Amino acid sequence: MRLERIGVRGYRSLRHAALPLSGCTLVVGPNGSGKTSFYRSMQLVADAAEGRLGRRGRNAVHPWAGDRKKDEPNRVAVDLAWDDLAWALVLNEPETSLRPDLLAALVEPRVATAKHSQLLVLTHAHAFANAVAERTEGSRVELSRVAGATVIVGADKEEEREEESA
């Protein structure tokens, strides 16, 4: 069983966003596209569960700072949907600690991990994401930024309307 979706509302660059997850999900996008906002939204849930929410530094809550509709509350919501989750491994930008020529060495260990657990990788490196996706039946999700808000490239407009009305 696995984590199926991360839905975030009003947090950092994530005004209304839902990230569908598979057994191996590779999220790619340039700096500022919202990858780390998804990562930190999951950390926010963990911090809340451990009673560390709202403290300064890494645990601080950063609500959506963009335009709001009149009377729209300044609220952060994160929902995680799963079915009997065993465990998942989340890697946020593994390429930041390696020279680009060493990134290929990370592919096979990630493929092996994906065989035994759920894997979520957030990365700038399209070639790395493609290589892992090709070897794992993984899904690849691309993020972008439009008018200050993170969007999932190619997301169905009907899905976005449903998410906004929720």
# chains A, B, ... in the order shown; residues from 1 in each chain; ligands from 1
$ residues_around --residues "Gln118 of chain A" --least-positions-apart "3" --cutoff "7 Å" --atoms "only C-alpha atoms" --output "ChimeraX atom specification"
/A:2,23-24,87-89,114
$ residues_around --residues "segment 11-16 of chain A" --least-positions-apart "3" --cutoff "7 Å" --atoms "only C-alpha atoms" --output "list in words"
Val8, Gly34, Ser37, His62, Pro63, Trp64, Val76, Gly148, Ala149, Thr150, Glu163 and Glu164 of chain A
$ write_last_selection --atoms "C-alpha atoms" --output "mmCIF file, in the first residue's frame"
data_model
loop_
_atom_site.group_PDB
_atom_site.id
_atom_site.type_symbol
_atom_site.label_atom_id
_atom_site.label_comp_id
_atom_site.auth_asym_id
_atom_site.auth_seq_id
_atom_site.Cartn_x
_atom_site.Cartn_y
_atom_site.Cartn_z
ATOM 1 C CA VAL A 8 -1.745 21.374 -0.243
ATOM 2 C CA GLY A 34 7.453 24.332 -5.804
ATOM 3 C CA SER A 37 7.186 23.382 -0.934
ATOM 4 C CA HIS A 62 4.898 30.074 5.712
ATOM 5 C CA PRO A 63 1.384 30.677 4.369
ATOM 6 C CA TRP A 64 0.538 31.638 0.799
ATOM 7 C CA VAL A 76 -2.703 26.359 5.448
ATOM 8 C CA GLY A 148 3.473 33.133 -8.381
ATOM 9 C CA ALA A 149 1.696 29.805 -7.813
ATOM 10 C CA THR A 150 2.980 26.285 -8.384
ATOM 11 C CA GLU A 163 -9.445 21.260 -6.019
ATOM 12 C CA GLU A 164 -10.226 24.978 -5.836
#
$ select_by_dssp --residues "segment 25-131 of chain A" --states "strand (DSSP E or B)" --output "PDB file with all heavy atoms, in the first residue's frame"
ATOM      1  N   THR A  25       7.481   8.130  -7.781  1.00  0.00           N
ATOM      2  CA  THR A  25       7.102   9.410  -8.379  1.00  0.00           C
ATOM      3  C   THR A  25       8.328  10.302  -8.430  1.00  0.00           C
ATOM      4  O   THR A  25       9.009  10.486  -7.424  1.00  0.00           O
ATOM      5  CB  THR A  25       6.004  10.108  -7.551  1.00  0.00           C
ATOM      6  OG1 THR A  25       4.906   9.213  -7.401  1.00  0.00           O
ATOM      7  CG2 THR A  25       5.541  11.390  -8.236  1.00  0.00           C
ATOM      8  N   LEU A  26       8.600  10.848  -9.600  1.00  0.00           N
ATOM      9  CA  LEU A  26       9.738  11.735  -9.803  1.00  0.00           C
ATOM     10  C   LEU A  26       9.201  13.105 -10.171  1.00  0.00           C
ATOM     11  O   LEU A  26       8.583  13.279 -11.214  1.00  0.00           O
ATOM     12  CB  LEU A  26      10.640  11.168 -10.889  1.00  0.00           C
ATOM     13  CG  LEU A  26      11.142   9.781 -10.471  1.00  0.00           C
ATOM     14  CD1 LEU A  26      10.892   8.770 -11.533  1.00  0.00           C
ATOM     15  CD2 LEU A  26      12.563   9.850 -10.028  1.00  0.00           C
ATOM     16  N   VAL A  27       9.405  14.067  -9.305  1.00  0.00           N
ATOM     17  CA  VAL A  27       8.897  15.421  -9.499  1.00  0.00           C
ATOM     18  C   VAL A  27      10.063  16.283  -9.957  1.00  0.00           C
ATOM     19  O   VAL A  27      11.074  16.381  -9.266  1.00  0.00           O
ATOM     20  CB  VAL A  27       8.292  15.983  -8.196  1.00  0.00           C
ATOM     21  CG1 VAL A  27       7.768  17.393  -8.403  1.00  0.00           C
ATOM     22  CG2 VAL A  27       7.191  15.061  -7.681  1.00  0.00           C
ATOM     23  N   VAL A  28       9.929  16.881 -11.136  1.00  0.00           N
ATOM     24  CA  VAL A  28      11.006  17.700 -11.687  1.00  0.00           C
ATOM     25  C   VAL A  28      10.516  19.115 -11.931  1.00  0.00           C
ATOM     26  O   VAL A  28       9.339  19.348 -12.180  1.00  0.00           O
ATOM     27  CB  VAL A  28      11.570  17.100 -13.005  1.00  0.00           C
ATOM     28  CG1 VAL A  28      12.229  15.771 -12.740  1.00  0.00           C
ATOM     29  CG2 VAL A  28      10.507  16.970 -14.053  1.00  0.00           C
ATOM     30  N   PRO A  63       2.602  30.743   5.185  1.00  0.00           N
ATOM     31  CA  PRO A  63       1.384  30.677   4.369  1.00  0.00           C
ATOM     32  C   PRO A  63       1.555  31.350   3.015  1.00  0.00           C
ATOM     33  O   PRO A  63       2.493  32.105   2.784  1.00  0.00           O
ATOM     34  CB  PRO A  63       0.344  31.397   5.216  1.00  0.00           C
ATOM     35  CG  PRO A  63       1.116  32.226   6.170  1.00  0.00           C
ATOM     36  CD  PRO A  63       2.467  31.592   6.338  1.00  0.00           C
ATOM     37  N   ALA A  77      -3.533  24.225   4.614  1.00  0.00           N
ATOM     38  CA  ALA A  77      -4.109  22.886   4.735  1.00  0.00           C
ATOM     39  C   ALA A  77      -3.250  21.902   3.947  1.00  0.00           C
ATOM     40  O   ALA A  77      -2.896  22.173   2.803  1.00  0.00           O
ATOM     41  CB  ALA A  77      -5.539  22.873   4.198  1.00  0.00           C
ATOM     42  N   VAL A  78      -2.905  20.810   4.582  1.00  0.00           N
ATOM     43  CA  VAL A  78      -2.153  19.738   3.929  1.00  0.00           C
ATOM     44  C   VAL A  78      -2.910  18.456   4.174  1.00  0.00           C
ATOM     45  O   VAL A  78      -3.255  18.142   5.315  1.00  0.00           O
ATOM     46  CB  VAL A  78      -0.722  19.600   4.506  1.00  0.00           C
ATOM     47  CG1 VAL A  78       0.023  18.457   3.824  1.00  0.00           C
ATOM     48  CG2 VAL A  78       0.044  20.901   4.380  1.00  0.00           C
ATOM     49  N   ASP A  79      -3.225  17.737   3.108  1.00  0.00           N
ATOM     50  CA  ASP A  79      -3.848  16.437   3.313  1.00  0.00           C
ATOM     51  C   ASP A  79      -3.056  15.374   2.573  1.00  0.00           C
ATOM     52  O   ASP A  79      -2.610  15.576   1.452  1.00  0.00           O
ATOM     53  CB  ASP A  79      -5.333  16.442   2.912  1.00  0.00           C
ATOM     54  CG  ASP A  79      -5.549  16.447   1.427  1.00  0.00           C
ATOM     55  OD1 ASP A  79      -5.584  17.540   0.832  1.00  0.00           O
ATOM     56  OD2 ASP A  79      -5.699  15.349   0.861  1.00  0.00           O
ATOM     57  N   LEU A  80      -2.850  14.273   3.263  1.00  0.00           N
ATOM     58  CA  LEU A  80      -2.138  13.138   2.708  1.00  0.00           C
ATOM     59  C   LEU A  80      -3.141  11.997   2.608  1.00  0.00           C
ATOM     60  O   LEU A  80      -3.810  11.683   3.586  1.00  0.00           O
ATOM     61  CB  LEU A  80      -0.974  12.724   3.614  1.00  0.00           C
ATOM     62  CG  LEU A  80       0.056  13.801   3.937  1.00  0.00           C
ATOM     63  CD1 LEU A  80       1.059  13.263   4.942  1.00  0.00           C
ATOM     64  CD2 LEU A  80       0.749  14.291   2.695  1.00  0.00           C
ATOM     65  N   ALA A  81      -3.266  11.418   1.436  1.00  0.00           N
ATOM     66  CA  ALA A  81      -4.190  10.302   1.244  1.00  0.00           C
ATOM     67  C   ALA A  81      -3.392   9.029   1.063  1.00  0.00           C
ATOM     68  O   ALA A  81      -2.522   8.958   0.205  1.00  0.00           O
ATOM     69  CB  ALA A  81      -5.065  10.560   0.018  1.00  0.00           C
ATOM     70  N   TRP A  82      -3.664   8.026   1.907  1.00  0.00           N
ATOM     71  CA  TRP A  82      -2.971   6.762   1.777  1.00  0.00           C
ATOM     72  C   TRP A  82      -3.861   5.608   2.184  1.00  0.00           C
ATOM     73  O   TRP A  82      -4.882   5.783   2.811  1.00  0.00           O
ATOM     74  CB  TRP A  82      -1.684   6.741   2.588  1.00  0.00           C
ATOM     75  CG  TRP A  82      -1.863   6.729   4.071  1.00  0.00           C
ATOM     76  CD1 TRP A  82      -2.071   5.645   4.864  1.00  0.00           C
ATOM     77  CD2 TRP A  82      -1.860   7.850   4.941  1.00  0.00           C
ATOM     78  NE1 TRP A  82      -2.184   6.006   6.173  1.00  0.00           N
ATOM     79  CE2 TRP A  82      -2.058   7.376   6.254  1.00  0.00           C
ATOM     80  CE3 TRP A  82      -1.698   9.216   4.746  1.00  0.00           C
ATOM     81  CZ2 TRP A  82      -2.107   8.203   7.352  1.00  0.00           C
ATOM     82  CZ3 TRP A  82      -1.750  10.046   5.844  1.00  0.00           C
ATOM     83  CH2 TRP A  82      -1.944   9.546   7.122  1.00  0.00           C
ATOM     84  N   ALA A  88       7.617   5.159   3.171  1.00  0.00           N
ATOM     85  CA  ALA A  88       8.016   5.792   1.917  1.00  0.00           C
ATOM     86  C   ALA A  88       9.339   6.517   2.132  1.00  0.00           C
ATOM     87  O   ALA A  88       9.618   6.994   3.228  1.00  0.00           O
ATOM     88  CB  ALA A  88       6.954   6.784   1.458  1.00  0.00           C
ATOM     89  N   LEU A  89      10.127   6.592   1.081  1.00  0.00           N
ATOM     90  CA  LEU A  89      11.391   7.317   1.109  1.00  0.00           C
ATOM     91  C   LEU A  89      11.229   8.570   0.253  1.00  0.00           C
ATOM     92  O   LEU A  89      10.804   8.490  -0.898  1.00  0.00           O
ATOM     93  CB  LEU A  89      12.516   6.442   0.544  1.00  0.00           C
ATOM     94  CG  LEU A  89      13.880   7.107   0.392  1.00  0.00           C
ATOM     95  CD1 LEU A  89      14.432   7.518   1.755  1.00  0.00           C
ATOM     96  CD2 LEU A  89      14.852   6.176  -0.306  1.00  0.00           C
ATOM     97  N   VAL A  90      11.546   9.721   0.830  1.00  0.00           N
ATOM     98  CA  VAL A  90      11.440  10.986   0.120  1.00  0.00           C
ATOM     99  C   VAL A  90      12.832  11.597   0.015  1.00  0.00           C
ATOM    100  O   VAL A  90      13.520  11.762   1.024  1.00  0.00           O
ATOM    101  CB  VAL A  90      10.497  11.972   0.855  1.00  0.00           C
ATOM    102  CG1 VAL A  90      10.401  13.282   0.102  1.00  0.00           C
ATOM    103  CG2 VAL A  90       9.126  11.346   1.055  1.00  0.00           C
ATOM    104  N   LEU A  91      13.247  11.910  -1.207  1.00  0.00           N
ATOM    105  CA  LEU A  91      14.540  12.549  -1.443  1.00  0.00           C
ATOM    106  C   LEU A  91      14.301  13.915  -2.056  1.00  0.00           C
ATOM    107  O   LEU A  91      13.687  14.022  -3.113  1.00  0.00           O
ATOM    108  CB  LEU A  91      15.390  11.705  -2.398  1.00  0.00           C
ATOM    109  CG  LEU A  91      15.747  10.300  -1.935  1.00  0.00           C
ATOM    110  CD1 LEU A  91      16.432   9.544  -3.054  1.00  0.00           C
ATOM    111  CD2 LEU A  91      16.623  10.358  -0.711  1.00  0.00           C
ATOM    112  N   ASN A  92      14.791  14.949  -1.405  1.00  0.00           N
ATOM    113  CA  ASN A  92      14.636  16.301  -1.916  1.00  0.00           C
ATOM    114  C   ASN A  92      15.944  16.765  -2.541  1.00  0.00           C
ATOM    115  O   ASN A  92      16.933  16.968  -1.847  1.00  0.00           O
ATOM    116  CB  ASN A  92      14.219  17.251  -0.789  1.00  0.00           C
ATOM    117  CG  ASN A  92      13.866  18.630  -1.305  1.00  0.00           C
ATOM    118  OD1 ASN A  92      13.369  18.773  -2.410  1.00  0.00           O
ATOM    119  ND2 ASN A  92      14.124  19.636  -0.519  1.00  0.00           N
ATOM    120  N   GLN A 118       7.831   2.703  -1.359  1.00  0.00           N
ATOM    121  CA  GLN A 118       7.412   3.834  -2.179  1.00  0.00           C
ATOM    122  C   GLN A 118       8.529   4.861  -2.202  1.00  0.00           C
ATOM    123  O   GLN A 118       9.187   5.101  -1.184  1.00  0.00           O
ATOM    124  CB  GLN A 118       6.140   4.456  -1.615  1.00  0.00           C
ATOM    125  CG  GLN A 118       5.578   5.534  -2.512  1.00  0.00           C
ATOM    126  CD  GLN A 118       4.199   5.994  -2.076  1.00  0.00           C
ATOM    127  OE1 GLN A 118       3.713   5.629  -1.018  1.00  0.00           O
ATOM    128  NE2 GLN A 118       3.572   6.796  -2.902  1.00  0.00           N
ATOM    129  N   LEU A 119       8.728   5.474  -3.340  1.00  0.00           N
ATOM    130  CA  LEU A 119       9.807   6.434  -3.516  1.00  0.00           C
ATOM    131  C   LEU A 119       9.260   7.720  -4.127  1.00  0.00           C
ATOM    132  O   LEU A 119       8.543   7.674  -5.122  1.00  0.00           O
ATOM    133  CB  LEU A 119      10.891   5.836  -4.437  1.00  0.00           C
ATOM    134  CG  LEU A 119      12.087   6.710  -4.794  1.00  0.00           C
ATOM    135  CD1 LEU A 119      12.902   7.044  -3.542  1.00  0.00           C
ATOM    136  CD2 LEU A 119      12.969   5.998  -5.819  1.00  0.00           C
ATOM    137  N   LEU A 120       9.597   8.838  -3.504  1.00  0.00           N
ATOM    138  CA  LEU A 120       9.260  10.162  -4.029  1.00  0.00           C
ATOM    139  C   LEU A 120      10.556  10.942  -4.115  1.00  0.00           C
ATOM    140  O   LEU A 120      11.248  11.111  -3.116  1.00  0.00           O
ATOM    141  CB  LEU A 120       8.268  10.885  -3.112  1.00  0.00           C
ATOM    142  CG  LEU A 120       7.990  12.361  -3.407  1.00  0.00           C
ATOM    143  CD1 LEU A 120       7.376  12.532  -4.799  1.00  0.00           C
ATOM    144  CD2 LEU A 120       7.076  12.954  -2.345  1.00  0.00           C
ATOM    145  N   VAL A 121      10.918  11.369  -5.326  1.00  0.00           N
ATOM    146  CA  VAL A 121      12.142  12.136  -5.538  1.00  0.00           C
ATOM    147  C   VAL A 121      11.763  13.482  -6.138  1.00  0.00           C
ATOM    148  O   VAL A 121      11.041  13.543  -7.134  1.00  0.00           O
ATOM    149  CB  VAL A 121      13.121  11.406  -6.494  1.00  0.00           C
ATOM    150  CG1 VAL A 121      14.376  12.236  -6.725  1.00  0.00           C
ATOM    151  CG2 VAL A 121      13.480  10.030  -5.964  1.00  0.00           C
ATOM    152  N   LEU A 122      12.249  14.558  -5.522  1.00  0.00           N
ATOM    153  CA  LEU A 122      12.035  15.911  -6.027  1.00  0.00           C
ATOM    154  C   LEU A 122      13.382  16.396  -6.535  1.00  0.00           C
ATOM    155  O   LEU A 122      14.364  16.410  -5.785  1.00  0.00           O
ATOM    156  CB  LEU A 122      11.508  16.806  -4.901  1.00  0.00           C
ATOM    157  CG  LEU A 122      10.215  16.254  -4.291  1.00  0.00           C
ATOM    158  CD1 LEU A 122      10.466  15.743  -2.894  1.00  0.00           C
ATOM    159  CD2 LEU A 122       9.124  17.264  -4.338  1.00  0.00           C
ATOM    160  N   THR A 123      13.466  16.774  -7.817  1.00  0.00           N
ATOM    161  CA  THR A 123      14.770  17.037  -8.422  1.00  0.00           C
ATOM    162  C   THR A 123      14.692  18.092  -9.532  1.00  0.00           C
ATOM    163  O   THR A 123      13.653  18.294 -10.136  1.00  0.00           O
ATOM    164  CB  THR A 123      15.365  15.717  -8.978  1.00  0.00           C
ATOM    165  OG1 THR A 123      16.649  15.975  -9.533  1.00  0.00           O
ATOM    166  CG2 THR A 123      14.480  15.095 -10.034  1.00  0.00           C
TER     167      THR A 123
END
$ closest_atom_pairs --of "segment 59-122 of chain A" --to "segment 128-140 of chain A" --cutoff "12 Å" --atoms "only C-alpha atoms" --output "tab-separated table"
residue	atom	partner	partner_atom	distance
A:Leu91	CA	A:Ala129	CA	11.9
A:Glu93	CA	A:Phe128	CA	10.8
A:Pro94	CA	A:Phe128	CA	10.0
A:Glu95	CA	A:Phe128	CA	9.0
A:Pro100	CA	A:Phe128	CA	9.9
A:Asp101	CA	A:Phe128	CA	11.0
A:Leu102	CA	A:Phe128	CA	10.6
A:Leu103	CA	A:Phe128	CA	7.0
A:Ala104	CA	A:Phe128	CA	6.7
A:Ala105	CA	A:Phe128	CA	9.6
A:Leu106	CA	A:Phe128	CA	8.2
A:Val107	CA	A:Val132	CA	5.7
A:Glu108	CA	A:Val132	CA	7.7
A:Pro109	CA	A:Val132	CA	9.6
A:Arg110	CA	A:Val132	CA	7.0
A:Val111	CA	A:Thr136	CA	6.1
A:Ala112	CA	A:Thr136	CA	8.8
A:Thr113	CA	A:Thr136	CA	9.8
A:Ala114	CA	A:Thr136	CA	6.8
A:Lys115	CA	A:Thr136	CA	7.7
A:His116	CA	A:Thr136	CA	11.2
A:Ser117	CA	A:Thr136	CA	11.7
A:Gln118	CA	A:Gly138	CA	10.1
A:Leu119	CA	A:Gly138	CA	9.0
A:Leu120	CA	A:Gly138	CA	9.6
A:Val121	CA	A:Ala129	CA	8.1
A:Leu122	CA	A:Ala129	CA	8.8
$ write_last_selection --atoms "C-alpha atoms" --output "short mmCIF file (atom, residue, chain, number, x, y, z; two decimals), in the first residue's frame"
data_model
loop_
_atom_site.label_atom_id
_atom_site.label_comp_id
_atom_site.auth_asym_id
_atom_site.auth_seq_id
_atom_site.Cartn_x
_atom_site.Cartn_y
_atom_site.Cartn_z
CA LEU A 91 14.54 12.55 -1.44
CA GLU A 93 17.08 17.39 -4.63
CA PRO A 94 19.73 14.65 -4.26
CA GLU A 95 21.80 16.36 -6.94
CA PRO A 100 26.58 16.46 -12.08
CA ASP A 101 28.81 13.71 -13.50
CA LEU A 102 28.15 11.60 -10.36
CA LEU A 103 24.35 11.82 -10.53
CA ALA A 104 24.12 8.76 -12.78
CA ALA A 105 25.52 6.69 -9.90
CA LEU A 106 22.32 7.41 -7.94
CA VAL A 107 20.02 5.83 -10.52
CA GLU A 108 20.48 2.13 -9.69
CA PRO A 109 20.20 2.56 -5.88
CA ARG A 110 16.93 4.49 -6.42
CA VAL A 111 15.67 1.73 -8.73
CA ALA A 112 16.45 -0.88 -6.06
CA THR A 113 14.68 1.22 -3.40
CA ALA A 114 11.57 1.55 -5.57
CA LYS A 115 11.27 -2.26 -5.73
CA HIS A 116 10.79 -2.50 -1.96
CA SER A 117 9.12 0.75 -0.88
CA GLN A 118 7.41 3.83 -2.18
CA LEU A 119 9.81 6.43 -3.52
CA LEU A 120 9.26 10.16 -4.03
CA VAL A 121 12.14 12.14 -5.54
CA LEU A 122 12.03 15.91 -6.03
#
$ closest_residue --among "A:Ala48, A:Val141, A:Arg99, A:Ile152" --to "Leu21 of chain A" --atoms "only C-alpha atoms"
A:Val141
$ select_by_dssp --residues "segment 25-56 of chain A" --states "helix (DSSP H, G or I)" --output "ChimeraX atom specification"
/A:35-49
$ closest_residue --among "A:Gly154, A:His124, A:Phe38, A:Lys69" --to "Ala17 of chain A" --atoms "only C-alpha atoms"
A:Phe38
$ decode --residues "segment 15-97 of chain A" --atoms "C-alpha atoms" --output "PDB file, in the first residue's frame"
ATOM      1  CA  ARG A  15      -2.074  27.990  -3.443  1.00  0.00           C
ATOM      2  CA  HIS A  16      -4.146  24.925  -4.491  1.00  0.00           C
ATOM      3  CA  ALA A  17      -2.158  21.902  -5.599  1.00  0.00           C
ATOM      4  CA  ALA A  18      -2.587  18.142  -5.511  1.00  0.00           C
ATOM      5  CA  LEU A  19       0.339  15.906  -6.387  1.00  0.00           C
ATOM      6  CA  PRO A  20      -0.720  12.389  -7.450  1.00  0.00           C
ATOM      7  CA  LEU A  21       1.754   9.725  -6.347  1.00  0.00           C
ATOM      8  CA  SER A  22       2.652   6.300  -7.694  1.00  0.00           C
ATOM      9  CA  GLY A  23       5.001   3.644  -6.346  1.00  0.00           C
ATOM     10  CA  CYS A  24       7.853   5.739  -7.718  1.00  0.00           C
ATOM     11  CA  THR A  25       7.102   9.410  -8.379  1.00  0.00           C
ATOM     12  CA  LEU A  26       9.738  11.735  -9.803  1.00  0.00           C
ATOM     13  CA  VAL A  27       8.897  15.421  -9.499  1.00  0.00           C
ATOM     14  CA  VAL A  28      11.006  17.700 -11.687  1.00  0.00           C
ATOM     15  CA  GLY A  29      11.121  21.437 -12.127  1.00  0.00           C
ATOM     16  CA  PRO A  30      13.412  24.444 -12.043  1.00  0.00           C
ATOM     17  CA  ASN A  31      14.331  26.411  -8.940  1.00  0.00           C
ATOM     18  CA  GLY A  32      11.274  28.123  -7.496  1.00  0.00           C
ATOM     19  CA  SER A  33       8.763  25.740  -9.099  1.00  0.00           C
ATOM     20  CA  GLY A  34       7.453  24.332  -5.804  1.00  0.00           C
ATOM     21  CA  LYS A  35       9.331  21.058  -5.329  1.00  0.00           C
ATOM     22  CA  THR A  36      10.606  21.997  -1.890  1.00  0.00           C
ATOM     23  CA  SER A  37       7.186  23.382  -0.934  1.00  0.00           C
ATOM     24  CA  PHE A  38       5.695  19.896  -1.430  1.00  0.00           C
ATOM     25  CA  TYR A  39       8.586  18.398   0.551  1.00  0.00           C
ATOM     26  CA  ARG A  40       8.182  20.895   3.385  1.00  0.00           C
ATOM     27  CA  SER A  41       4.412  20.413   3.450  1.00  0.00           C
ATOM     28  CA  MET A  42       4.996  16.752   4.334  1.00  0.00           C
ATOM     29  CA  GLN A  43       7.519  17.833   6.972  1.00  0.00           C
ATOM     30  CA  LEU A  44       4.885  20.247   8.301  1.00  0.00           C
ATOM     31  CA  VAL A  45       2.522  17.311   8.915  1.00  0.00           C
ATOM     32  CA  ALA A  46       5.295  15.359  10.662  1.00  0.00           C
ATOM     33  CA  ASP A  47       6.173  18.386  12.801  1.00  0.00           C
ATOM     34  CA  ALA A  48       2.526  18.835  13.792  1.00  0.00           C
ATOM     35  CA  ALA A  49       2.267  15.154  14.740  1.00  0.00           C
ATOM     36  CA  GLU A  50       5.354  15.515  16.942  1.00  0.00           C
ATOM     37  CA  GLY A  51       4.221  18.780  18.565  1.00  0.00           C
ATOM     38  CA  ARG A  52       6.916  20.910  16.912  1.00  0.00           C
ATOM     39  CA  LEU A  53       4.687  22.974  14.632  1.00  0.00           C
ATOM     40  CA  GLY A  54       5.177  26.715  14.305  1.00  0.00           C
ATOM     41  CA  ARG A  55       8.574  27.068  15.880  1.00  0.00           C
ATOM     42  CA  ARG A  56      11.177  29.187  14.168  1.00  0.00           C
ATOM     43  CA  GLY A  57      13.538  27.856  11.536  1.00  0.00           C
ATOM     44  CA  ARG A  58      12.754  24.705   9.588  1.00  0.00           C
ATOM     45  CA  ASN A  59       9.457  24.189  11.437  1.00  0.00           C
ATOM     46  CA  ALA A  60       8.070  27.667  10.750  1.00  0.00           C
ATOM     47  CA  VAL A  61       4.784  27.874   8.829  1.00  0.00           C
ATOM     48  CA  HIS A  62       4.898  30.074   5.712  1.00  0.00           C
ATOM     49  CA  PRO A  63       1.384  30.677   4.369  1.00  0.00           C
ATOM     50  CA  TRP A  64       0.538  31.638   0.799  1.00  0.00           C
ATOM     51  CA  ALA A  65       1.631  35.251   0.318  1.00  0.00           C
ATOM     52  CA  GLY A  66      -0.031  35.859  -3.056  1.00  0.00           C
ATOM     53  CA  ASP A  67      -3.328  37.501  -3.903  1.00  0.00           C
ATOM     54  CA  ARG A  68      -6.460  36.309  -2.123  1.00  0.00           C
ATOM     55  CA  LYS A  69     -10.135  36.643  -2.837  1.00  0.00           C
ATOM     56  CA  LYS A  70     -12.040  38.995  -0.573  1.00  0.00           C
ATOM     57  CA  ASP A  71     -12.736  37.260   2.758  1.00  0.00           C
ATOM     58  CA  GLU A  72     -10.473  34.331   1.846  1.00  0.00           C
ATOM     59  CA  PRO A  73      -8.858  33.124   5.086  1.00  0.00           C
ATOM     60  CA  ASN A  74      -5.116  32.976   5.579  1.00  0.00           C
ATOM     61  CA  ARG A  75      -5.114  29.212   6.134  1.00  0.00           C
ATOM     62  CA  VAL A  76      -2.703  26.359   5.448  1.00  0.00           C
ATOM     63  CA  ALA A  77      -4.109  22.886   4.735  1.00  0.00           C
ATOM     64  CA  VAL A  78      -2.153  19.738   3.929  1.00  0.00           C
ATOM     65  CA  ASP A  79      -3.848  16.437   3.313  1.00  0.00           C
ATOM     66  CA  LEU A  80      -2.138  13.138   2.708  1.00  0.00           C
ATOM     67  CA  ALA A  81      -4.190  10.302   1.244  1.00  0.00           C
ATOM     68  CA  TRP A  82      -2.971   6.762   1.777  1.00  0.00           C
ATOM     69  CA  ASP A  83      -4.130   3.221   2.120  1.00  0.00           C
ATOM     70  CA  ASP A  84      -2.310   1.204   4.811  1.00  0.00           C
ATOM     71  CA  LEU A  85       1.049   2.912   4.233  1.00  0.00           C
ATOM     72  CA  ALA A  86       4.061   0.788   5.121  1.00  0.00           C
ATOM     73  CA  TRP A  87       6.761   3.417   4.550  1.00  0.00           C
ATOM     74  CA  ALA A  88       8.016   5.792   1.917  1.00  0.00           C
ATOM     75  CA  LEU A  89      11.391   7.317   1.109  1.00  0.00           C
ATOM     76  CA  VAL A  90      11.440  10.986   0.120  1.00  0.00           C
ATOM     77  CA  LEU A  91      14.540  12.549  -1.443  1.00  0.00           C
ATOM     78  CA  ASN A  92      14.636  16.301  -1.916  1.00  0.00           C
ATOM     79  CA  GLU A  93      17.084  17.388  -4.628  1.00  0.00           C
ATOM     80  CA  PRO A  94      19.726  14.648  -4.257  1.00  0.00           C
ATOM     81  CA  GLU A  95      21.799  16.358  -6.941  1.00  0.00           C
ATOM     82  CA  THR A  96      22.633  19.334  -4.707  1.00  0.00           C
ATOM     83  CA  SER A  97      25.334  17.373  -2.887  1.00  0.00           C
TER      84      SER A  97
END
